[in-house]
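Peer 1: upload00.csv is the file, holding CSV, C-alpha atoms:
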chain,number,residue,atom,x,y,z
C,1,MET,CA,-31.1,-67.1,50.4
C,2,ARG,CA,-34.8,-67.6,49.5
C,3,VAL,CA,-36.0,-66.0,46.3
C,4,GLY,CA,-39.7,-65.7,45.4
C,5,SER,CA,-41.9,-63.8,43.0
C,6,PHE,CA,-44.0,-60.8,43.8
C,7,VAL,CA,-47.3,-60.9,41.9
C,8,LEU,CA,-49.5,-57.9,41.5
C,9,ALA,CA,-51.8,-59.3,38.8
C,10,ALA,CA,-51.1,-56.0,37.0
C,11,GLN,CA,-53.5,-54.9,34.2
C,12,PHE,CA,-51.4,-53.4,31.5
C,13,PRO,CA,-52.9,-51.0,28.9
C,14,GLY,CA,-55.0,-53.0,26.4
C,15,GLN,CA,-55.4,-56.0,28.6
C,16,GLY,CA,-58.4,-57.5,30.3
C,17,GLN,CA,-58.7,-58.2,33.9
C,18,GLY,CA,-59.0,-61.9,33.3
C,19,GLU,CA,-55.8,-61.8,31.3
C,20,ALA,CA,-54.0,-60.2,34.3
C,21,LEU,CA,-55.3,-62.8,36.7
C,22,HIS,CA,-54.4,-65.7,34.5
C,23,ARG,CA,-50.8,-64.4,34.2
C,24,ALA,CA,-50.7,-64.2,38.0
C,25,VAL,CA,-51.8,-67.8,38.4
C,26,ARG,CA,-49.3,-69.0,35.8
C,27,THR,CA,-46.5,-67.0,37.4
C,28,ALA,CA,-47.0,-69.0,40.6
C,29,GLU,CA,-47.2,-72.3,38.8
C,30,VAL,CA,-44.0,-71.6,36.9
C,31,ALA,CA,-42.3,-70.3,40.0
C,32,GLU,CA,-42.7,-73.7,41.6
C,33,GLU,CA,-41.5,-75.5,38.5
C,34,ALA,CA,-38.5,-73.2,38.3
C,35,GLY,CA,-37.4,-73.9,41.9
C,36,LEU,CA,-38.3,-70.5,43.5
C,37,ASP,CA,-39.0,-70.5,47.2
C,38,ALA,CA,-42.3,-68.5,47.3
C,39,VAL,CA,-44.9,-66.3,45.7
C,40,TRP,CA,-46.1,-63.2,47.3
C,41,LEU,CA,-49.5,-61.8,46.3
C,42,ALA,CA,-50.6,-58.2,46.3
C,43,GLU,CA,-54.1,-56.9,47.0
C,44,HIS,CA,-55.8,-53.8,45.5
C,45,HIS,CA,-59.4,-52.6,45.1
C,46,PHE,CA,-61.0,-50.8,42.2
C,47,VAL,CA,-57.8,-50.0,40.3
C,48,PRO,CA,-56.0,-51.7,37.3
C,49,TYR,CA,-52.6,-51.3,39.2
C,50,GLY,CA,-53.5,-54.8,40.6
C,51,THR,CA,-56.6,-56.8,39.8
C,52,CYS,CA,-56.5,-59.1,42.8
C,53,PRO,CA,-59.0,-57.8,45.4
C,54,SER,CA,-58.3,-60.6,47.9
C,55,ALA,CA,-54.7,-61.8,48.3
C,56,ILE,CA,-55.7,-64.5,50.8
C,57,THR,CA,-58.4,-65.9,48.4
C,58,LEU,CA,-55.8,-66.1,45.5
C,59,ALA,CA,-53.4,-67.7,48.0
C,60,ALA,CA,-55.9,-70.4,48.7
C,61,LEU,CA,-56.1,-71.2,45.0
C,62,LEU,CA,-52.4,-71.3,44.6
C,63,LEU,CA,-51.8,-73.4,47.6
C,64,GLY,CA,-54.1,-76.0,46.0
C,65,ARG,CA,-52.3,-75.7,42.7
C,66,THR,CA,-48.8,-76.2,44.2
C,67,ARG,CA,-47.1,-78.7,46.5
C,68,ARG,CA,-43.8,-77.1,47.7
C,69,LEU,CA,-44.1,-73.4,47.1
C,70,ARG,CA,-44.7,-71.0,50.1
C,71,VAL,CA,-47.5,-68.6,49.3
C,72,GLY,CA,-47.8,-65.3,51.1
C,73,THR,CA,-49.9,-62.1,51.0
C,74,ALA,CA,-48.0,-58.9,50.2
C,75,VAL,CA,-50.2,-57.6,51.6
C,76,SER,CA,-53.7,-58.2,53.0
C,77,VAL,CA,-54.9,-54.6,53.8
C,78,LEU,CA,-55.8,-54.8,57.5
C,79,PRO,CA,-57.9,-51.6,57.9
C,80,THR,CA,-60.5,-52.8,55.4
C,81,VAL,CA,-61.2,-56.2,57.1
C,82,HIS,CA,-62.0,-57.6,60.5
C,83,PRO,CA,-58.8,-59.0,61.9
C,84,VAL,CA,-60.6,-62.1,63.3
C,85,ALA,CA,-62.1,-62.9,59.9
C,86,LEU,CA,-58.6,-62.6,58.3
C,87,GLY,CA,-57.1,-64.6,61.1
C,88,GLU,CA,-59.6,-67.4,60.6
C,89,GLN,CA,-58.8,-67.6,56.9
C,90,ALA,CA,-55.0,-67.5,57.6
C,91,ALA,CA,-55.3,-70.3,60.2
C,92,LEU,CA,-57.3,-72.4,57.7
C,93,LEU,CA,-54.7,-72.0,55.0
C,94,HIS,CA,-51.9,-72.7,57.5
C,95,VAL,CA,-53.4,-75.9,58.6
C,96,THR,CA,-54.6,-77.3,55.3
C,97,SER,CA,-51.3,-76.4,53.5
C,98,GLY,CA,-49.0,-78.0,56.0
C,99,GLY,CA,-47.6,-74.6,57.1
C,100,ARG,CA,-46.9,-73.2,53.6
C,101,PHE,CA,-48.8,-70.0,54.1
C,102,SER,CA,-47.4,-66.6,55.2
C,103,LEU,CA,-49.7,-63.7,56.1
C,104,GLY,CA,-48.3,-60.3,55.1
C,105,VAL,CA,-50.4,-57.3,56.4
C,106,GLY,CA,-50.2,-53.6,55.8
C,107,ARG,CA,-51.9,-50.3,56.5
C,108,GLY,CA,-52.8,-49.6,52.9
C,109,GLY,CA,-53.7,-46.0,52.0
C,110,PRO,CA,-56.4,-43.4,52.5
C,111,TRP,CA,-58.3,-44.8,49.6
C,112,VAL,CA,-62.0,-45.0,48.8
C,113,ASP,CA,-61.8,-48.6,49.9
C,114,LEU,CA,-62.3,-47.4,53.5
C,115,GLU,CA,-65.6,-45.9,52.5
C,116,VAL,CA,-66.8,-48.9,50.4
C,117,PHE,CA,-66.1,-51.4,53.2
C,118,GLY,CA,-67.4,-49.2,55.9
C,119,THR,CA,-64.4,-49.2,58.1
C,120,GLY,CA,-63.7,-45.4,57.8
C,121,LEU,CA,-60.7,-43.3,57.7
C,122,GLU,CA,-60.0,-43.8,61.4
C,123,ALA,CA,-59.2,-47.5,60.7
C,124,TYR,CA,-56.4,-46.3,58.5
C,125,GLU,CA,-55.1,-43.4,60.6
C,126,LYS,CA,-55.4,-44.8,64.1
C,127,GLY,CA,-56.7,-48.4,64.1
C,128,PHE,CA,-53.8,-50.4,62.6
C,129,PRO,CA,-52.0,-51.3,65.9
C,130,GLU,CA,-55.2,-52.5,67.5
C,131,SER,CA,-56.1,-54.6,64.5
C,132,LEU,CA,-52.6,-56.1,64.2
C,133,ASP,CA,-52.5,-57.0,67.9
C,134,LEU,CA,-55.9,-58.7,67.7
C,135,LEU,CA,-54.9,-60.6,64.6
C,136,VAL,CA,-51.6,-61.9,66.1
C,137,ARG,CA,-53.4,-63.0,69.3
C,138,TRP,CA,-55.9,-64.9,67.2
C,139,LEU,CA,-53.1,-66.8,65.5
C,140,ARG,CA,-51.3,-67.6,68.7
C,141,ASP,CA,-53.8,-68.2,71.5
C,142,ALA,CA,-56.4,-70.9,72.2
C,143,SER,CA,-59.2,-68.3,72.9
C,144,VAL,CA,-59.5,-64.6,72.4
C,145,SER,CA,-61.6,-61.7,73.7
C,146,ALA,CA,-61.3,-58.0,72.9
C,147,SER,CA,-62.1,-54.7,74.7
C,148,GLY,CA,-60.5,-52.1,72.5
C,149,GLU,CA,-61.7,-48.9,70.8
C,150,ARG,CA,-62.7,-50.6,67.6
C,151,PHE,CA,-63.2,-54.2,68.6
C,152,SER,CA,-65.0,-55.5,71.7
C,153,PHE,CA,-66.4,-59.1,72.1
C,154,ARG,CA,-66.6,-61.9,74.7
C,155,GLN,CA,-64.1,-64.7,74.9
C,156,VAL,CA,-64.4,-67.2,72.0
C,157,PRO,CA,-62.4,-70.2,71.1
C,158,VAL,CA,-60.0,-70.1,68.1
C,159,VAL,CA,-61.1,-72.7,65.5
C,160,PRO,CA,-59.1,-74.0,63.8
C,161,ARG,CA,-56.3,-73.3,66.2
C,162,PRO,CA,-53.1,-73.3,64.0
C,163,SER,CA,-50.6,-74.1,66.7
C,164,GLU,CA,-52.4,-77.3,67.7
C,165,ALA,CA,-52.6,-78.6,64.2
C,166,LEU,CA,-48.9,-78.7,63.4
C,167,HIS,CA,-47.3,-80.2,66.4
C,168,GLU,CA,-47.5,-77.1,68.6
C,169,LEU,CA,-45.5,-75.0,66.1
C,170,PRO,CA,-46.6,-71.3,66.0
C,171,GLY,CA,-49.3,-70.4,63.6
C,172,PRO,CA,-48.6,-68.8,60.3
C,173,GLU,CA,-45.9,-66.1,60.3
C,174,VAL,CA,-47.1,-62.6,60.2
C,175,VAL,CA,-45.0,-60.1,58.1
C,176,VAL,CA,-45.7,-56.3,58.3
C,177,ALA,CA,-45.3,-54.0,55.4
C,178,CYS,CA,-43.2,-51.1,56.7
C,179,THR,CA,-42.7,-47.7,55.0
C,180,SER,CA,-42.2,-45.3,58.0
C,181,PRO,CA,-40.4,-45.2,61.4
C,182,ALA,CA,-43.7,-45.7,63.1
C,183,SER,CA,-44.5,-48.9,61.3
C,184,VAL,CA,-40.9,-50.2,61.8
C,185,ARG,CA,-41.3,-49.6,65.6
C,186,LEU,CA,-44.7,-51.3,65.5
C,187,ALA,CA,-43.4,-54.4,63.9
C,188,ALA,CA,-40.2,-54.5,66.0
C,189,GLU,CA,-42.0,-54.2,69.4
C,190,ARG,CA,-44.1,-57.3,68.4
C,191,GLY,CA,-41.1,-59.2,67.0
C,192,LEU,CA,-42.7,-59.4,63.5
C,193,PRO,CA,-40.5,-59.3,60.4
C,194,MET,CA,-40.9,-56.5,57.9
C,195,LEU,CA,-41.7,-56.4,54.2
C,196,LEU,CA,-39.7,-53.6,52.7
C,197,GLY,CA,-41.0,-52.0,49.5
C,198,MET,CA,-39.4,-52.0,46.1
C,199,HIS,CA,-39.2,-48.1,46.0
C,200,VAL,CA,-36.3,-48.0,48.4
C,201,GLY,CA,-32.7,-49.0,48.0
C,202,ASP,CA,-30.2,-51.0,50.0
C,203,GLU,CA,-29.1,-48.1,52.2
C,204,GLU,CA,-32.6,-47.2,53.3
C,205,LYS,CA,-33.5,-50.8,53.9
C,206,ALA,CA,-30.4,-51.4,56.0
C,207,GLU,CA,-31.3,-48.4,58.1
C,208,MET,CA,-34.8,-49.6,58.6
C,209,ILE,CA,-33.5,-53.0,59.7
C,210,SER,CA,-31.1,-51.3,62.1
C,211,GLN,CA,-34.1,-49.3,63.5
C,212,TRP,CA,-36.1,-52.5,63.8
C,213,GLN,CA,-33.3,-54.2,65.8
C,214,ARG,CA,-33.0,-51.2,68.2
C,215,TRP,CA,-36.7,-51.1,68.9
C,216,ALA,CA,-36.9,-54.9,69.2
C,217,ARG,CA,-34.1,-54.9,71.8
C,218,ALA,CA,-35.8,-52.0,73.7
C,219,ALA,CA,-39.0,-54.0,73.8
C,220,GLY,CA,-37.2,-57.0,75.4
C,221,ARG,CA,-37.0,-59.2,72.3
C,222,SER,CA,-34.3,-61.9,72.6
C,223,GLY,CA,-31.1,-61.9,70.6
C,224,GLU,CA,-32.1,-65.1,68.9
C,225,GLU,CA,-35.5,-63.7,67.8
C,226,ILE,CA,-33.8,-60.5,66.5
C,227,ARG,CA,-31.1,-62.4,64.6
C,228,GLY,CA,-33.7,-64.9,63.1
C,229,ALA,CA,-36.2,-62.3,61.9
C,230,GLY,CA,-37.0,-63.1,58.3
C,231,HIS,CA,-37.4,-59.7,56.7
C,232,VAL,CA,-38.5,-59.7,53.1
C,233,SER,CA,-37.2,-57.3,50.4
C,234,ALA,CA,-39.5,-56.5,47.5
C,235,GLY,CA,-37.9,-55.6,44.1
C,236,VAL,CA,-38.1,-56.0,40.4
C,237,CYS,CA,-36.4,-58.6,38.3
C,238,GLN,CA,-36.0,-58.7,34.5
C,239,ILE,CA,-33.5,-61.0,32.9
C,240,ALA,CA,-32.0,-60.7,29.4
C,241,ASP,CA,-28.7,-61.5,27.7
C,242,ARG,CA,-27.8,-57.8,27.8
C,243,ARG,CA,-28.7,-55.3,30.5
C,244,THR,CA,-29.9,-52.8,27.9
C,245,ASP,CA,-32.5,-55.3,26.6
C,246,ALA,CA,-33.8,-55.9,30.1
C,247,VAL,CA,-34.1,-52.2,30.8
C,248,GLU,CA,-35.8,-51.6,27.5
C,249,THR,CA,-38.4,-54.2,28.1
C,250,LEU,CA,-39.4,-52.6,31.4
C,251,LEU,CA,-39.3,-49.0,30.0
C,252,LYS,CA,-41.6,-50.0,27.2
C,253,ALA,CA,-44.2,-51.6,29.4
C,254,MET,CA,-44.2,-50.4,33.0
C,255,PRO,CA,-44.8,-46.7,32.6
C,256,GLY,CA,-48.1,-47.2,30.8
C,257,TRP,CA,-49.2,-49.6,33.5
C,258,LEU,CA,-48.0,-47.4,36.3
C,259,LYS,CA,-49.7,-44.3,34.9
C,260,GLN,CA,-53.2,-45.9,34.5
C,261,GLY,CA,-52.9,-47.8,37.7
C,262,LEU,CA,-51.7,-45.0,40.0
C,263,ASP,CA,-54.0,-42.4,38.4
C,264,ALA,CA,-57.0,-44.6,39.3
C,265,HIS,CA,-56.4,-44.3,43.0
C,266,VAL,CA,-59.1,-42.2,44.7
C,267,THR,CA,-58.7,-40.8,48.2
C,268,VAL,CA,-61.6,-41.3,50.7
C,269,ASP,CA,-61.4,-37.7,51.9
C,270,GLY,CA,-60.3,-35.7,48.8
C,271,ARG,CA,-56.8,-35.1,50.1
C,272,THR,CA,-54.2,-34.1,47.6
C,273,ARG,CA,-52.1,-37.0,46.3
C,274,ARG,CA,-48.6,-36.8,45.0
C,275,MET,CA,-48.1,-39.7,42.5
C,276,ARG,CA,-44.7,-40.7,41.1
C,277,ASP,CA,-43.7,-40.0,37.5
C,278,PRO,CA,-44.2,-43.4,35.8
C,279,LEU,CA,-41.1,-43.2,33.6
C,280,ALA,CA,-38.8,-41.9,36.3
C,281,TYR,CA,-40.1,-44.5,38.7
C,282,THR,CA,-39.4,-47.3,36.2
C,283,GLU,CA,-35.9,-46.0,35.7
C,284,LEU,CA,-35.4,-45.9,39.5
C,285,LEU,CA,-36.5,-49.5,39.8
C,286,CYS,CA,-34.2,-50.6,37.0
C,287,GLY,CA,-31.3,-49.0,38.9
C,288,LEU,CA,-32.1,-50.4,42.3
C,289,HIS,CA,-32.9,-54.0,41.5
C,290,PRO,CA,-31.8,-57.1,39.5
C,291,VAL,CA,-32.4,-56.0,36.0
C,292,GLY,CA,-30.0,-57.3,33.4
C,293,THR,CA,-28.0,-60.4,32.7
C,294,PRO,CA,-28.3,-63.5,34.9
C,295,ARG,CA,-24.9,-62.8,36.5
C,296,LEU,CA,-25.7,-59.2,37.1
C,297,CYS,CA,-29.0,-60.2,38.7
C,298,ALA,CA,-27.3,-62.7,41.0
C,299,ASP,CA,-24.6,-60.2,42.0
C,300,ARG,CA,-27.3,-57.5,42.7
C,301,LEU,CA,-29.2,-59.9,45.0
C,302,ALA,CA,-26.1,-61.0,46.8
C,303,ALA,CA,-25.0,-57.4,47.3
C,304,THR,CA,-28.4,-56.5,48.8
C,305,ALA,CA,-28.2,-59.5,51.1
C,306,GLU,CA,-24.7,-58.5,52.2
C,307,ARG,CA,-25.6,-54.8,52.8
C,308,THR,CA,-28.9,-55.3,54.5
C,309,GLY,CA,-28.7,-58.8,56.0
C,310,ILE,CA,-31.9,-59.7,54.2
C,311,SER,CA,-32.1,-63.2,52.8
C,312,ARG,CA,-35.7,-63.3,51.5
C,313,PHE,CA,-36.7,-61.6,48.3
C,314,ALA,CA,-40.1,-61.0,46.6
C,315,LEU,CA,-39.3,-60.0,43.0
C,316,LEU,CA,-41.8,-58.5,40.5
C,317,VAL,CA,-41.3,-60.6,37.4
C,318,GLU,CA,-44.3,-59.5,35.3
C,319,GLY,CA,-42.9,-56.1,34.3
C,320,SER,CA,-43.1,-56.9,30.6
C,321,GLY,CA,-46.8,-57.3,30.9
C,322,ASP,CA,-46.7,-60.3,28.6
C,323,LEU,CA,-47.5,-63.8,29.7
C,324,ALA,CA,-44.9,-65.7,27.6
C,325,ALA,CA,-42.2,-63.2,28.5
C,326,THR,CA,-43.1,-63.4,32.2
C,327,GLU,CA,-42.9,-67.2,32.2
C,328,GLU,CA,-39.5,-67.1,30.5
C,329,ASN,CA,-38.4,-64.5,33.0
C,330,VAL,CA,-39.3,-66.8,35.9
C,331,ARG,CA,-37.7,-69.8,34.3
C,332,ARG,CA,-34.5,-67.9,33.8
C,333,LEU,CA,-34.5,-66.7,37.3
C,334,GLY,CA,-34.7,-70.3,38.5
C,335,ALA,CA,-32.3,-71.8,36.1
C,336,GLU,CA,-29.7,-69.0,35.6
C,337,VAL,CA,-29.7,-66.8,38.7
C,338,LEU,CA,-30.5,-69.1,41.7
C,339,PRO,CA,-27.5,-71.4,41.1
C,340,HIS,CA,-25.2,-68.5,41.6
C,341,LEU,CA,-26.7,-67.7,45.0
C,342,GLY,CA,-26.2,-71.0,46.7
Translate the structure of the given file into structure tokens.
Peer 2:
Amino acid sequence: MRVGSFVLAAQFPGQGQGEALHRAVRTAEVAEEAGLDAVWLAEHHFVPYGTCPSAITLAALLLGRTRRLRVGTAVSVLPTVHPVALGEQAALLHVTSGGRFSLGVGRGGPWVDLEVFGTGLEAYEKGFPESLDLLVRWLRDASVSASGERFSFRQVPVVPRPSEALHELPGPEVVVACTSPASVRLAAERGLPMLLGMHVGDEEKAEMISQWQRWARAAGRSGEEIRGAGHVSAGVCQIADRRTDAVETLLKAMPGWLKQGLDAHVTVDGRTRRMRDPLAYTELLCGLHPVGTPRLCADRLAATAERTGISRFALLVEGSGDLAATEENVRRLGAEVLPHLG
């Protein structure tokens, strides 16, 4: 089982953006010290929900600050960038880090980001498959051309070519954030592992993996490839000597952050949004994920792994909003939870 932290660089009420980003960097540094496997970095634009606008840029910093830790994006929002530009950055990090980088990509939302970056609503509604396929080809082939609806260019060499640099091993893994049957099928047909969100429980995640396996088999993926898919489960982790204390910590801090963060999202076309109730959502997360004593947290992770077959976890550890408390949470995760997981 491989357990990592999920870092949003969340800006809690009363905090500055620099404070949120400093906590994000320290979370990764402490995660390596504590023996965690990875850190996964979120990306958001123009909202305090998350203050990191470029997960791949922050990943570069953290790969330079660490020596063992795997660093991944969760996720880089593909409709707002050119897939070749993102592919070049991913290849660069893969090569220079000795293969410690993972590229998580997602469709994002119908946010004003699409207007600001000039990609338009169609990139979100229709363009994700084309962008994903171009990105994957860039990370696997020696040269690439394109003749699609959104991207069209002559054949050009891939430099640096990630598979050449590390003894012909494939370039950085690509993980796809999946929230719907359509995205599950998209990932499955390409043999790409899924990142499953923290808003869904074990039963739904197990069903999504079952769907992925069916679509992957139908697409001709090998049994070895299907069995070896490294799906990632996102969740929340808060450790305390009593479960009630862990829950109280999150209920005090997370609803305020969720309210100001979610309320700040603006749609590009004025469509009606239905946002979650912050308190109810926090309570849901406390019920779904490892929140409580170290033993309870270990049991919860083991149960999720058994029910779903998932062995990789990205756990939000900054739910207290406090730097010192976050560092302690990460250290306890490494020292008091991981030993129970083997």
Peer 1: Need the shell around Val317 of chain C: protein/DNA/RNA residues with any atom at most 8 Å away, counting only C-alpha atoms. Skip same-chain ones fewer than 5 positions apart. Format as an mmCIF file with C-alpha atoms, in the frame of the given file?
Peer 2:
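File part_10.cif, as written:
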data_model
loop_
_atom_site.group_PDB
_atom_site.id
_atom_site.type_symbol
_atom_site.label_atom_id
_atom_site.label_comp_id
_atom_site.auth_asym_id
_atom_site.auth_seq_id
_atom_site.Cartn_x
_atom_site.Cartn_y
_atom_site.Cartn_z
ATOM 1 C CA SER C 5 -41.900 -63.800 43.000
ATOM 2 C CA PHE C 6 -44.000 -60.800 43.800
ATOM 3 C CA VAL C 7 -47.300 -60.900 41.900
ATOM 4 C CA VAL C 236 -38.100 -56.000 40.400
ATOM 5 C CA CYS C 237 -36.400 -58.600 38.300
ATOM 6 C CA GLN C 238 -36.000 -58.700 34.500
ATOM 7 C CA THR C 326 -43.100 -63.400 32.200
ATOM 8 C CA ASN C 329 -38.400 -64.500 33.000
ATOM 9 C CA VAL C 330 -39.300 -66.800 35.900
#
Peer 1: Kindly provide the residues of segment 158-238 of chain C that approach segment 273-292 of chain C to within 12 Å, each paired with its closest atom pair and their distance in Å to one decimal, based on all atoms listed in the file, listed by chain and increasing number, as a tab-separated table.
Peer 2:
residue	atom	partner	partner_atom	distance
C:Gly197	CA	C:Leu285	CA	11.0
C:Met198	CA	C:Leu285	CA	7.4
C:His199	CA	C:Leu285	CA	6.9
C:Val200	CA	C:Leu288	CA	7.8
C:Gly201	CA	C:Leu288	CA	5.9
C:Asp202	CA	C:Leu288	CA	8.0
C:Glu203	CA	C:Leu288	CA	10.6
C:Glu204	CA	C:Leu288	CA	11.5
C:Lys205	CA	C:Leu288	CA	11.7
C:Ser233	CA	C:His289	CA	10.4
C:Ala234	CA	C:His289	CA	9.3
C:Gly235	CA	C:His289	CA	5.9
C:Val236	CA	C:His289	CA	5.7
C:Cys237	CA	C:Pro290	CA	5.0
C:Gln238	CA	C:Val291	CA	4.7
Peer 1: Of the candidates C:Ala240, C:Val232, C:Val174, C:Ala219, which shows the shortest atom-to-atom distance to Gly4 of chain C, using all atoms listed in the file?
Peer 2: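 Checking each of C:Ala240, C:Val232, C:Val174, C:Ala219 against Gly4 of chain C, counting all atoms listed in the file, the winner is C:Val232.
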Peer 1: Given only C-alpha atoms as the basis, pick out the residue of C:Ser97, C:Ser163, C:Ser102, C:Thr267 nearest to Leu41 of chain C.
Peer 2: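 Smallest separation from Leu41 of chain C among the options: C:Ser102.
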Peer 1: Every residue with an atom at most 12 Å from (-54.7, -72.2, 74.5) (file coordinates; only C-alpha atoms) is what I'm after, so could you write them as a list in words?
Peer 2: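 The requested residues, written out, are Arg137, Trp138, Leu139, Arg140, Asp141, Ala142, Ser143, Val144, Val156, Pro157, Val158, Val159, Pro160, Arg161, Pro162, Ser163, Glu164, Glu168 and Pro170 of chain C.
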Peer 1: Can I get the selection written as a PDB file, in the frame of the given file, with C-alpha atoms?
Peer 2:
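Final file, out_38.pdb:
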ATOM      1  CA  ARG C 137     -53.400 -63.000  69.300  1.00  0.00           C
ATOM      2  CA  TRP C 138     -55.900 -64.900  67.200  1.00  0.00           C
ATOM      3  CA  LEU C 139     -53.100 -66.800  65.500  1.00  0.00           C
ATOM      4  CA  ARG C 140     -51.300 -67.600  68.700  1.00  0.00           C
ATOM      5  CA  ASP C 141     -53.800 -68.200  71.500  1.00  0.00           C
ATOM      6  CA  ALA C 142     -56.400 -70.900  72.200  1.00  0.00           C
ATOM      7  CA  SER C 143     -59.200 -68.300  72.900  1.00  0.00           C
ATOM      8  CA  VAL C 144     -59.500 -64.600  72.400  1.00  0.00           C
ATOM      9  CA  VAL C 156     -64.400 -67.200  72.000  1.00  0.00           C
ATOM     10  CA  PRO C 157     -62.400 -70.200  71.100  1.00  0.00           C
ATOM     11  CA  VAL C 158     -60.000 -70.100  68.100  1.00  0.00           C
ATOM     12  CA  VAL C 159     -61.100 -72.700  65.500  1.00  0.00           C
ATOM     13  CA  PRO C 160     -59.100 -74.000  63.800  1.00  0.00           C
ATOM     14  CA  ARG C 161     -56.300 -73.300  66.200  1.00  0.00           C
ATOM     15  CA  PRO C 162     -53.100 -73.300  64.000  1.00  0.00           C
ATOM     16  CA  SER C 163     -50.600 -74.100  66.700  1.00  0.00           C
ATOM     17  CA  GLU C 164     -52.400 -77.300  67.700  1.00  0.00           C
ATOM     18  CA  GLU C 168     -47.500 -77.100  68.600  1.00  0.00           C
ATOM     19  CA  PRO C 170     -46.600 -71.300  66.000  1.00  0.00           C
TER      20      PRO C 170
END
